[in-house]
Structure formats: C-alpha cells, structure tokens
Amino acid sequence: MPVAAQTMSQPTTVFLRQLESPTDARRLELNCAKCNLRETCLSGGVPAEDLERIENIVFARRRMKRGEHLFNAGDPFRSVYAIRSGFFKTSLVDSEGRDQVTGFFMGGELIGMDGLGSGRYKNRAIALEDSDVCVMPYSLIEEIALEVPSLQRRLHTLLAREIGRGHGVMLLLGSMSAEERLATFLINLSRRLLHRGYSGSNFVLRMTRDEIGSYLGLKLETVSRLFSAFQKSGLIGIRQKQVSIIDIKGLERILRPGD
C-alpha cells in the first residue's frame, strides 16, 4: 500500500501516539518564522500568513548524540526530519556486507524522504556530531499540504531535489575520474554551506576520509592522496579536518579541463 494511503487511513492521534517513546523528545514550543534556517527547510517559500499552520507539522524536537541513529534501514516510514543543527550521514549495507555511505546532510536540510515510496526507510541515518532535529510526521505534512497550496509546492520542490541528488550521485560514480569526484564533493559542500549562511571557504569536515571515500566510490588511500595533491596545487589548505578552499575556480576547472 502506498505511504499516502497508509498515513491518511490512520487517525492523526494514533499516528502521533506511535511516535511517543522514551527516545523521542518531548513536545517543545517551536517557531518556524524565527528559525534562521527556515528558507532552506520545508517552510521555505510559504507565505507568512500560513506559517502558523505549518508549525503544527513539527511534532517535537529531538536532540541526538554523535553516533546515535535517527532511523535504521527497514524501519517504518513515519516522519521526515528537518536538521536544525548538526550533521548526519546516511548509509546502507551493500551485497558484500560493507557499509556504503549514500549521503551527507547538514542544518537546514531534510532527511528521511527516501522512505516515501516504499513505506520504509531505505538507509540508516547516523549523527556525525551532536545534533538537533525537528520531527515532522508525514501524515501531518500530507494533511496540511492539502489545505496550504504553497506547502504542497514546496514539498514537490524538495522531492524533485532529492531525486536530482540521487541522479547526481549516480553521475558522480559512473562517469567521473577520482579527481573530479573529490573536486565535485568539495564544491558542493562549499555551496551548500554558503547557501545556509556559513563560510564556504573555511569549514570542518564532519565525516572521515574513509566515509568520503565510501560516498565517492574511492579507496581511503586515494582520498588521502587527492587531498594532498589538491593542497600541493594550491587549491585547498587542510589541517586535520579543517579545510580552506583557496582556489574554487581551480577546483571548477578540474571539472572543465578544456576551459
């Protein structure tokens, strides 16, 4: 049965009761209008007069410790999560039993939308640092989206973005060289941070090089070698996990060698 049919067939009170467990955060006062990440979240683009209605979607805030699982692969899809602060990775176990990183998510982004089609999360999500998320039951999103057209449009935009992200990863792994993969990763991370009001030229890598390699389809040794090569070429500066983008145009030229 499609997720939409599952969630809409259950009373909202029943659905919320399933979320209430010792691991879930207690209900907190939330104000989407005053959130500095609103424009990149689900409420982005929603007119001010509809924001109060949108805030009813957020059932709770949940605080996560580094290494804690937000959800696991195969868990029933019930909620979408907006990251208020922190950093997450998603991963799955491949056919050979290895952990394959499928994505990295930061403040202002939604996580958990991969469960929308099948009714179960396809990946597991793990906090890479202490984090804070808003829990948004999908049944409430559907209900309110029927009454607030701007929310429905925003939801479609975010779903399209998620599909585009998946296609981008396939392109990354299927047709790019190792140098192009790492350059694309750094450029994308820089742009996402800039879009959220953070520095795009100086930032801390919340993931390990091994996790970067898993995501990019590269061996750990290759990732380390490329970081060193980029640093020697004056493209980046790196000290442990602190990265400085020195020559963003140079990184972009790796993707357009003929320019």
# chains A, B, ... in the order shown; residues from 1 in each chain; ligands from 1

call {"tool": "select_by_dssp", "arguments": {"residues": "stretch 72-201 of chain A", "states": "alpha helix (DSSP H)", "output": "number ranges by chain"}}
result
A: 138-147, 149-175, 178-195

call {"tool": "select_by_dssp", "arguments": {"residues": "stretch 37-259 of chain A", "states": "strand (DSSP E)", "output": "JSON, numbers by chain"}}
result
{"A": [60, 61, 62, 63, 64, 69, 70, 71, 79, 80, 81, 82, 83, 84, 85, 87, 88, 89, 90, 91, 92, 93, 99, 100, 101, 102, 103, 104, 105, 106, 110, 111, 124, 125, 126, 127, 131, 132, 133, 134, 135, 136, 137, 202, 203, 204, 236, 237, 238, 239, 242, 243, 244, 245]}

call {"tool": "atom_distance", "arguments": {"atom1": "atom CA of A:Glu147", "atom2": "atom CA of A:Val58"}}
result
16.3 Å

call {"tool": "residues_around", "arguments": {"residues": "A:Arg206", "least_positions_apart": "4", "cutoff": "10 Å", "atoms": "only C-alpha atoms", "output": "list in words"}}
result
Gly86, Phe87, Phe88, Lys89, Phe104, Met106, Ala127, Leu128, Glu129, Glu211, Lys241 and Gln242 of chain A

call {"tool": "residues_around", "arguments": {"residues": "A:Phe227", "least_positions_apart": "4", "cutoff": "8 Å", "atoms": "only C-alpha atoms", "output": "PDB file with C-alpha atoms, in the first residue's frame"}}
result
ATOM      1  CA  VAL A 223      41.136  10.155  -0.997  1.00  0.00           C
ATOM      2  CA  GLN A 231      46.894  21.045  -1.242  1.00  0.00           C
ATOM      3  CA  ILE A 238      43.927  21.307   5.040  1.00  0.00           C
TER       4      ILE A 238
END

call {"tool": "closest_residue", "arguments": {"among": "A:Arg225, A:Glu142, A:Ala125, A:Ile212", "to": "A:Thr184", "atoms": "only C-alpha atoms"}}
result
A:Ile212

call {"tool": "residues_around", "arguments": {"residues": "A:Glu180", "least_positions_apart": "2", "cutoff": "9 Å", "atoms": "only C-alpha atoms", "output": "PyMOL selection string"}}
result
chain A and resi 172+176-178+182-185+251-252+254-255

call {"tool": "write_last_selection", "arguments": {"atoms": "C-alpha atoms", "output": "mmCIF file, in the first residue's frame"}}
result
data_model
loop_
_atom_site.group_PDB
_atom_site.id
_atom_site.type_symbol
_atom_site.label_atom_id
_atom_site.label_comp_id
_atom_site.auth_asym_id
_atom_site.auth_seq_id
_atom_site.Cartn_x
_atom_site.Cartn_y
_atom_site.Cartn_z
ATOM 1 C CA LEU A 172 29.439 11.087 -9.896
ATOM 2 C CA MET A 176 33.865 10.982 -13.268
ATOM 3 C CA SER A 177 37.538 10.463 -12.527
ATOM 4 C CA ALA A 178 38.767 10.306 -8.936
ATOM 5 C CA LEU A 182 36.604 14.881 -4.908
ATOM 6 C CA ALA A 183 36.509 18.317 -6.567
ATOM 7 C CA THR A 184 32.731 17.975 -7.042
ATOM 8 C CA PHE A 185 32.315 16.909 -3.416
ATOM 9 C CA LEU A 251 38.550 23.164 -8.419
ATOM 10 C CA GLU A 252 35.894 24.005 -11.003
ATOM 11 C CA ILE A 254 39.114 20.145 -12.836
ATOM 12 C CA LEU A 255 35.530 19.538 -13.971
#

call {"tool": "residues_around", "arguments": {"residues": "A:Ile111", "least_positions_apart": "2", "cutoff": "12 Å", "atoms": "only C-alpha atoms", "output": "JSON, numbers by chain"}}
result
{"A": [41, 42, 70, 71, 77, 79, 80, 81, 82, 83, 84, 87, 88, 89, 90, 102, 103, 104, 105, 106, 107, 108, 109, 113, 114, 115, 116, 121, 122, 123, 124, 125, 126, 127, 133, 134, 135, 136, 158, 159, 162]}

call {"tool": "closest_residue", "arguments": {"among": "A:Ser118, A:Ser131, A:Val46, A:Thr208", "to": "A:Leu155", "atoms": "only C-alpha atoms"}}
result
A:Val46

call {"tool": "atom_distance", "arguments": {"atom1": "atom CA of A:Ser201", "atom2": "atom CA of A:Ile245"}}
result
4.6 Å

call {"tool": "atom_distance", "arguments": {"atom1": "atom CA of A:Gly119", "atom2": "atom CA of A:Tyr138"}}
result
10.8 Å

call {"tool": "closest_residue", "arguments": {"among": "A:Gly112, A:Pro137, A:Gly237, A:Gly200", "to": "A:Gly74", "atoms": "only C-alpha atoms"}}
result
A:Gly112

call {"tool": "closest_residue", "arguments": {"among": "A:Leu220, A:Gly234, A:Ile246, A:Asn188", "to": "A:Asn202", "atoms": "only C-alpha atoms"}}
result
A:Ile246

call {"tool": "closest_residue", "arguments": {"among": "A:Leu226, A:Ile57, A:Leu151, A:Met207", "to": "A:Ser139", "atoms": "only C-alpha atoms"}}
result
A:Ile57
